[in-house]
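Structure below is target24.csv: CSV, C-alpha atoms and all ligand atoms.
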chain,number,residue,atom,x,y,z
B,1487,MET,CA,-51.3,-198.6,69.5
B,1488,LYS,CA,-53.8,-195.8,70.2
B,1489,ILE,CA,-57.4,-196.8,69.6
B,1490,GLU,CA,-60.5,-194.7,69.7
B,1491,MET,CA,-63.5,-196.8,70.9
B,1492,HIS,CA,-66.5,-194.6,70.2
B,1493,VAL,CA,-67.0,-192.6,67.0
B,1494,HIS,CA,-70.0,-191.7,64.9
B,1495,THR,CA,-70.2,-190.6,61.3
B,1496,SER,CA,-72.9,-188.5,59.7
B,1497,GLU,CA,-73.8,-191.2,57.1
B,1498,GLY,CA,-74.8,-193.6,59.9
B,1499,SER,CA,-75.9,-191.3,62.8
B,1500,SER,CA,-78.1,-188.3,61.9
B,1501,CYS,CA,-76.9,-186.6,65.1
B,1502,ALA,CA,-73.2,-186.7,63.8
B,1503,LYS,CA,-72.0,-183.7,61.9
B,1504,ALA,CA,-68.8,-185.0,60.2
B,1505,GLU,CA,-68.6,-187.5,57.4
B,1506,ALA,CA,-66.6,-190.7,57.7
B,1507,GLN,CA,-63.8,-189.5,55.5
B,1508,GLU,CA,-63.3,-186.3,57.5
B,1509,ILE,CA,-63.4,-188.1,60.8
B,1510,VAL,CA,-60.9,-190.8,59.8
B,1511,LYS,CA,-58.5,-188.1,58.4
B,1512,ALA,CA,-58.8,-186.2,61.7
B,1513,TYR,CA,-58.1,-189.3,63.8
B,1514,GLY,CA,-55.0,-190.0,61.7
B,1515,GLU,CA,-53.8,-186.5,62.3
B,1516,ALA,CA,-54.5,-186.8,66.0
B,1517,GLY,CA,-52.1,-189.8,66.1
B,1518,TYR,CA,-54.6,-192.6,66.4
B,1519,ASP,CA,-53.7,-196.0,64.8
B,1520,ALA,CA,-57.3,-197.3,64.9
B,1521,ILE,CA,-60.9,-196.2,65.5
B,1522,VAL,CA,-64.0,-198.2,66.1
B,1523,ILE,CA,-67.1,-196.8,64.3
B,1524,THR,CA,-70.1,-197.1,66.7
B,1525,ASN,CA,-73.0,-195.6,64.9
B,1526,HIS,CA,-76.4,-195.7,66.7
B,1527,PHE,CA,-78.4,-198.9,66.2
B,1528,ASP,CA,-81.6,-197.4,67.3
B,1529,PRO,CA,-85.2,-198.4,66.2
B,1530,LEU,CA,-86.1,-194.8,65.3
B,1531,LEU,CA,-83.1,-194.2,63.1
B,1532,LEU,CA,-83.4,-197.7,61.5
B,1533,GLN,CA,-87.0,-196.9,60.6
B,1534,GLU,CA,-85.7,-194.2,58.3
B,1535,PHE,CA,-83.2,-196.4,56.7
B,1536,GLY,CA,-85.5,-198.6,54.7
B,1537,GLU,CA,-88.5,-201.0,54.5
B,1538,THR,CA,-87.0,-204.4,55.1
B,1539,ASP,CA,-84.5,-205.5,57.7
B,1540,GLU,CA,-81.9,-206.1,55.0
B,1541,GLN,CA,-82.3,-202.5,53.6
B,1542,LYS,CA,-82.1,-201.0,57.1
B,1543,ILE,CA,-78.9,-202.8,58.0
B,1544,GLU,CA,-77.3,-202.2,54.6
B,1545,ARG,CA,-78.0,-198.5,55.1
B,1546,TYR,CA,-76.8,-198.6,58.7
B,1547,LEU,CA,-73.5,-200.0,57.5
B,1548,LEU,CA,-72.8,-197.2,55.1
B,1549,GLY,CA,-70.9,-194.9,57.5
B,1550,TYR,CA,-68.7,-197.8,58.7
B,1551,ARG,CA,-68.0,-198.9,55.1
B,1552,LYS,CA,-67.1,-195.4,54.0
B,1553,ALA,CA,-64.9,-195.0,57.1
B,1554,ARG,CA,-63.1,-198.3,56.3
B,1555,GLU,CA,-62.3,-197.2,52.8
B,1556,ALA,CA,-61.1,-193.8,54.1
B,1557,GLY,CA,-58.9,-195.6,56.6
B,1558,LYS,CA,-56.9,-197.2,53.8
B,1559,ARG,CA,-56.1,-193.7,52.4
B,1560,TYR,CA,-55.2,-192.2,55.8
B,1561,GLY,CA,-53.4,-195.1,57.4
B,1562,VAL,CA,-56.0,-195.6,60.1
B,1563,LYS,CA,-57.4,-199.1,60.9
B,1564,VAL,CA,-61.2,-198.8,61.0
B,1565,MET,CA,-63.1,-201.4,62.9
B,1566,PHE,CA,-66.7,-202.2,63.4
B,1567,GLY,CA,-68.7,-201.6,66.6
B,1568,VAL,CA,-72.3,-200.7,67.5
B,1569,GLU,CA,-73.9,-198.3,69.9
B,1570,ILE,CA,-77.3,-199.8,70.6
B,1571,ARG,CA,-80.4,-198.5,72.4
B,1572,LEU,CA,-82.7,-201.1,73.8
B,1573,GLU,CA,-86.4,-200.4,73.6
B,1574,PRO,CA,-88.0,-198.7,75.6
B,1575,GLY,CA,-85.0,-197.5,77.5
B,1576,VAL,CA,-82.9,-194.3,77.0
B,1577,GLU,CA,-79.6,-196.0,77.8
B,1578,ASP,CA,-77.0,-196.8,75.2
B,1579,PHE,CA,-74.7,-199.8,75.1
B,1580,LEU,CA,-71.5,-200.4,73.1
B,1581,ILE,CA,-70.9,-203.7,71.4
B,1582,TYR,CA,-67.4,-204.8,70.3
B,1583,GLY,CA,-66.6,-208.0,68.5
B,1584,ILE,CA,-69.6,-208.5,66.3
B,1585,ASP,CA,-69.6,-208.1,62.6
B,1586,GLU,CA,-71.9,-207.2,59.8
B,1587,GLU,CA,-73.2,-210.7,59.6
B,1588,PHE,CA,-74.3,-210.7,63.2
B,1589,LEU,CA,-76.6,-207.7,62.5
B,1590,PHE,CA,-78.2,-209.4,59.6
B,1591,GLN,CA,-78.8,-212.5,61.8
B,1592,ASN,CA,-80.2,-210.3,64.6
B,1593,PRO,CA,-82.2,-207.5,63.0
B,1594,ASN,CA,-84.5,-207.2,66.0
B,1595,LEU,CA,-81.6,-206.7,68.5
B,1596,CYS,CA,-83.1,-203.3,69.8
B,1597,PHE,CA,-86.2,-205.1,71.0
B,1598,LEU,CA,-84.5,-207.7,73.2
B,1599,SER,CA,-83.8,-207.4,76.9
B,1600,GLN,CA,-80.4,-206.4,78.2
B,1601,SER,CA,-79.7,-210.0,79.3
B,1602,GLU,CA,-80.7,-211.4,75.9
B,1603,VAL,CA,-78.5,-209.0,74.0
B,1604,PHE,CA,-75.6,-209.7,76.4
B,1605,ASN,CA,-76.0,-213.4,76.0
B,1606,ARG,CA,-76.1,-213.2,72.2
B,1607,CYS,CA,-73.0,-211.0,72.2
B,1608,HIS,CA,-71.2,-213.5,74.4
B,1609,ALA,CA,-72.2,-216.4,72.3
B,1610,TYR,CA,-70.6,-214.6,69.4
B,1611,GLY,CA,-67.4,-213.8,71.4
B,1612,ALA,CA,-68.3,-210.2,71.7
B,1613,VAL,CA,-68.4,-207.8,74.7
B,1614,PHE,CA,-71.1,-205.5,75.9
B,1615,TYR,CA,-70.6,-202.2,77.8
B,1616,GLN,CA,-72.9,-199.5,78.9
B,1617,ALA,CA,-72.0,-196.1,77.4
B,1618,HIS,CA,-72.0,-193.0,79.6
B,1619,PRO,CA,-74.1,-194.6,82.4
B,1620,PHE,CA,-74.5,-191.3,84.3
B,1621,ARG,CA,-75.2,-188.9,81.4
B,1622,GLU,CA,-78.8,-187.8,82.2
B,1623,PRO,CA,-81.3,-189.2,81.7
B,1624,CYS,CA,-79.3,-192.5,81.6
B,1625,VAL,CA,-78.9,-194.6,84.8
B,1626,PRO,CA,-76.7,-197.7,85.2
B,1627,GLN,CA,-78.3,-200.9,84.0
B,1628,ARG,CA,-78.0,-204.4,85.4
B,1629,PRO,CA,-74.3,-204.9,86.1
B,1630,GLU,CA,-74.6,-208.7,85.9
B,1631,TYR,CA,-75.3,-208.3,82.2
B,1632,LEU,CA,-72.5,-205.9,81.4
B,1633,ASP,CA,-68.8,-206.5,80.7
B,1634,GLY,CA,-68.1,-203.0,81.7
B,1635,VAL,CA,-68.9,-199.4,81.5
B,1636,GLU,CA,-67.6,-196.4,79.6
B,1637,TYR,CA,-65.7,-193.4,80.8
B,1638,ASN,CA,-67.2,-191.1,78.2
B,1639,GLN,CA,-64.7,-188.3,77.4
B,1640,ARG,CA,-66.9,-186.1,75.2
B,1641,PRO,CA,-66.5,-182.5,76.5
B,1642,ASN,CA,-69.4,-180.6,77.9
B,1643,SER,CA,-71.7,-183.6,77.8
B,1644,GLY,CA,-72.7,-184.0,81.4
B,1645,ASN,CA,-71.1,-187.5,81.6
B,1646,HIS,CA,-70.6,-187.4,85.4
B,1647,ASN,CA,-67.7,-189.8,85.5
B,1648,GLU,CA,-67.3,-188.8,89.1
B,1649,LYS,CA,-70.6,-190.6,89.9
B,1650,LEU,CA,-69.5,-193.5,87.8
B,1651,ASP,CA,-66.3,-193.8,90.0
B,1652,VAL,CA,-68.5,-194.1,93.1
B,1653,TRP,CA,-70.9,-196.6,91.6
B,1654,ARG,CA,-68.2,-198.8,90.2
B,1655,LYS,CA,-66.8,-199.4,93.7
B,1656,ASP,CA,-69.7,-201.9,94.2
B,1657,TYR,CA,-68.9,-203.7,91.0
B,1658,PRO,CA,-65.2,-204.3,90.8
B,1659,GLU,CA,-65.6,-207.0,88.2
B,1660,LEU,CA,-66.8,-204.5,85.6
B,1661,ARG,CA,-64.1,-203.3,83.3
B,1662,LEU,CA,-63.7,-199.7,82.3
B,1663,ILE,CA,-63.2,-198.4,78.7
B,1664,SER,CA,-62.8,-194.9,77.4
B,1665,GLY,CA,-64.2,-193.3,74.3
B,1666,SER,CA,-64.7,-189.8,72.9
B,1667,ASP,CA,-68.3,-190.4,71.6
B,1668,CYS,CA,-67.1,-188.2,68.7
B,1669,HIS,CA,-69.9,-186.7,66.6
B,1670,ASP,CA,-67.9,-183.8,65.1
B,1671,LEU,CA,-64.4,-182.7,64.3
B,1672,ASP,CA,-64.1,-180.7,67.5
B,1673,GLN,CA,-64.7,-183.9,69.5
B,1674,VAL,CA,-61.9,-185.9,68.0
B,1675,GLY,CA,-59.4,-187.6,70.2
B,1676,TYR,CA,-60.5,-187.2,73.8
B,1677,GLY,CA,-60.6,-190.8,74.7
B,1678,GLY,CA,-59.8,-194.4,73.8
B,1679,ILE,CA,-57.4,-197.0,74.9
B,1680,GLU,CA,-53.7,-197.7,74.4
B,1681,ILE,CA,-52.3,-201.2,73.9
B,1682,GLU,CA,-48.8,-202.6,73.5
B,1683,GLU,CA,-49.7,-205.0,70.7
B,1684,ASN,CA,-50.2,-204.2,67.0
B,1685,VAL,CA,-53.6,-205.5,66.1
B,1686,ASP,CA,-55.5,-205.6,62.9
B,1687,ASN,CA,-59.1,-206.4,63.8
B,1688,ILE,CA,-61.7,-205.9,66.5
B,1689,LYS,CA,-61.6,-209.6,67.6
B,1690,GLU,CA,-57.9,-209.1,68.7
B,1691,ILE,CA,-58.9,-205.9,70.5
B,1692,VAL,CA,-61.7,-207.8,72.3
B,1693,ALA,CA,-59.3,-210.4,73.4
B,1694,ILE,CA,-57.1,-207.7,74.9
B,1695,MET,CA,-60.1,-206.0,76.5
B,1696,LYS,CA,-61.1,-209.3,78.2
B,1697,LYS,CA,-57.7,-209.6,79.7
B,1698,GLY,CA,-57.7,-205.9,80.7
B,1699,ASN,CA,-54.2,-205.4,79.2
B,1700,TYR,CA,-54.8,-201.8,78.1
B,1701,ARG,CA,-54.4,-198.2,79.4
B,1702,LEU,CA,-57.3,-195.7,79.2
B,1703,ILE,CA,-56.8,-192.5,77.4
B,1704,THR,CA,-58.6,-189.9,79.5
B,1705,THR,CA,-56.9,-186.7,78.9
B,1706,PRO,CA,-57.4,-184.3,76.0
B,1707,VAL,CA,-54.8,-184.5,73.3
B,1801,ZN,ZN,-75.4,-189.5,68.6
B,1802,ZN,ZN,-72.2,-192.4,70.9
Mind turning the file's structure into structure tokens?
Amino acid sequence: MKIEMHVHTSEGSSCAKAEAQEIVKAYGEAGYDAIVITNHFDPLLLQEFGETDEQKIERYLLGYRKAREAGKRYGVKVMFGVEIRLEPGVEDFLIYGIDEEFLFQNPNLCFLSQSEVFNRCHAYGAVFYQAHPFREPCVPQRPEYLDGVEYNQRPNSGNHNEKLDVWRKDYPELRLISGSDCHDLDQVGYGGIEIEENVDNIKEIVAIMKKGNYRLITTPV
């Protein structure tokens, strides 16, 4: 099974150019069985999404929900993830294994420390990865509060995965994932993971991620 781990939709991320429906269709055509929608959970964006926490999160979920509906039409399993920025940092983190309910329970997640977010994710059975740790101005964050790091595959993005390879040597316990960080149709299908099993939900993918039983997709399709 071929799974994209890092996708944005324009309904959820203002920096993304393609709508959920177009993105899902393109991933189906690129031969992916599943995609994880990881829109930006970022205090600045959330501010524009409403007055109350409930309104903000409902609006945040729109891109994912539209993608999930489109997935039924195009035969792509659409799963929920989050790319979060923690105040006041410039780094982004990917969370897999939480659900909508988790966000409603933790509306202030962006204002917690890395260790607090890591611990809340773990208490929920989720995993926490740093996205593109060497894309400037990002720098690697505390490895003891990460499950792993991302080999970001978005073209022309200054990801410096070669620096990540050097840095990772000191932290062999960290797992590696791959994602396209897709924001538009020309960024579809550069990364992800491949697994043997046929899974239906993000919890099953997280179980496989924890065991490390997957292959990284790191070459352009
Ligand atoms: Zn973005
Ligand atoms: Zn991203």
Of B:Ile1703, B:Cys1624, B:Val1510, B:Ala1609, the one sitting nearest B:Arg1551 when using all atoms listed in the file is B:Val1510
Tell me which protein, DNA and RNA residues are within 10 Å of B:Gly1561, counting all atoms listed in the file, leaving out same-chain ones fewer than 5 positions away, and put them as a PyMOL selection string.
chain B and resi 1510-1511+1513-1515+1518-1520+1556
When distances are computed from all atoms listed in the file, which of B:Asn1525, B:Ser1601, B:Thr1538, B:Gln1591 shows the smallest separation from B:Ala1506?
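Nearest to B:Ala1506: B:Asn1525.
The space separating atom CA of B:Tyr1582 from atom CA of B:Glu1544 comes to 18.7 Å.
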Grab me every residue within 8 Å of ligand ZN 1802 (chain B), counting only C-alpha atoms and all ligand atoms, and send it over as a PyMOL selection string.
chain B and resi 1492-1494+1524-1526+1569+1578+1617+1667-1669
Would you kindly return, as a PyMOL selection string, each protein, DNA or RNA residue with an atom no farther than 10 Å from any atom of stretch 1671-1684 of chain B, considering all atoms listed in the file and excluding same-chain residues fewer than 6 positions away?
chain B and resi 1487-1493+1502-1505+1508-1522+1636-1641+1663-1665+1690-1691+1694-1695+1698-1707
Would you list the residues near (-72.4, -190.4, 87.8), meaning any protein, DNA or RNA residue with an atom at most 10 Å from that point in file coordinates, counting all atoms listed in the file, as a PyMOL selection string?
chain B and resi 1618-1622+1624-1626+1644-1654
Same residues, C-alpha atoms, saved as a PDB file, keeping the file's coordinate frame:
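Output (result_33.pdb):
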ATOM      1  CA  HIS B1618     -72.000-193.000  79.600  1.00  0.00           C
ATOM      2  CA  PRO B1619     -74.100-194.600  82.400  1.00  0.00           C
ATOM      3  CA  PHE B1620     -74.500-191.300  84.300  1.00  0.00           C
ATOM      4  CA  ARG B1621     -75.200-188.900  81.400  1.00  0.00           C
ATOM      5  CA  GLU B1622     -78.800-187.800  82.200  1.00  0.00           C
ATOM      6  CA  CYS B1624     -79.300-192.500  81.600  1.00  0.00           C
ATOM      7  CA  VAL B1625     -78.900-194.600  84.800  1.00  0.00           C
ATOM      8  CA  PRO B1626     -76.700-197.700  85.200  1.00  0.00           C
ATOM      9  CA  GLY B1644     -72.700-184.000  81.400  1.00  0.00           C
ATOM     10  CA  ASN B1645     -71.100-187.500  81.600  1.00  0.00           C
ATOM     11  CA  HIS B1646     -70.600-187.400  85.400  1.00  0.00           C
ATOM     12  CA  ASN B1647     -67.700-189.800  85.500  1.00  0.00           C
ATOM     13  CA  GLU B1648     -67.300-188.800  89.100  1.00  0.00           C
ATOM     14  CA  LYS B1649     -70.600-190.600  89.900  1.00  0.00           C
ATOM     15  CA  LEU B1650     -69.500-193.500  87.800  1.00  0.00           C
ATOM     16  CA  ASP B1651     -66.300-193.800  90.000  1.00  0.00           C
ATOM     17  CA  VAL B1652     -68.500-194.100  93.100  1.00  0.00           C
ATOM     18  CA  TRP B1653     -70.900-196.600  91.600  1.00  0.00           C
ATOM     19  CA  ARG B1654     -68.200-198.800  90.200  1.00  0.00           C
TER      20      ARG B1654
END
Which is closest to ligand ZN 1801 (chain B) among B:Val1568, B:Leu1548, B:Leu1662, B:Gln1600, if we use only C-alpha atoms and all ligand atoms?
B:Val1568
Given the choices B:Lys1696, B:Asp1585, B:Met1565, B:Asp1539, which gets closest to B:Tyr1615 if the distance is worked out from only C-alpha atoms?
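Nearest candidate to B:Tyr1615 out of B:Lys1696, B:Asp1585, B:Met1565, B:Asp1539: B:Lys1696.
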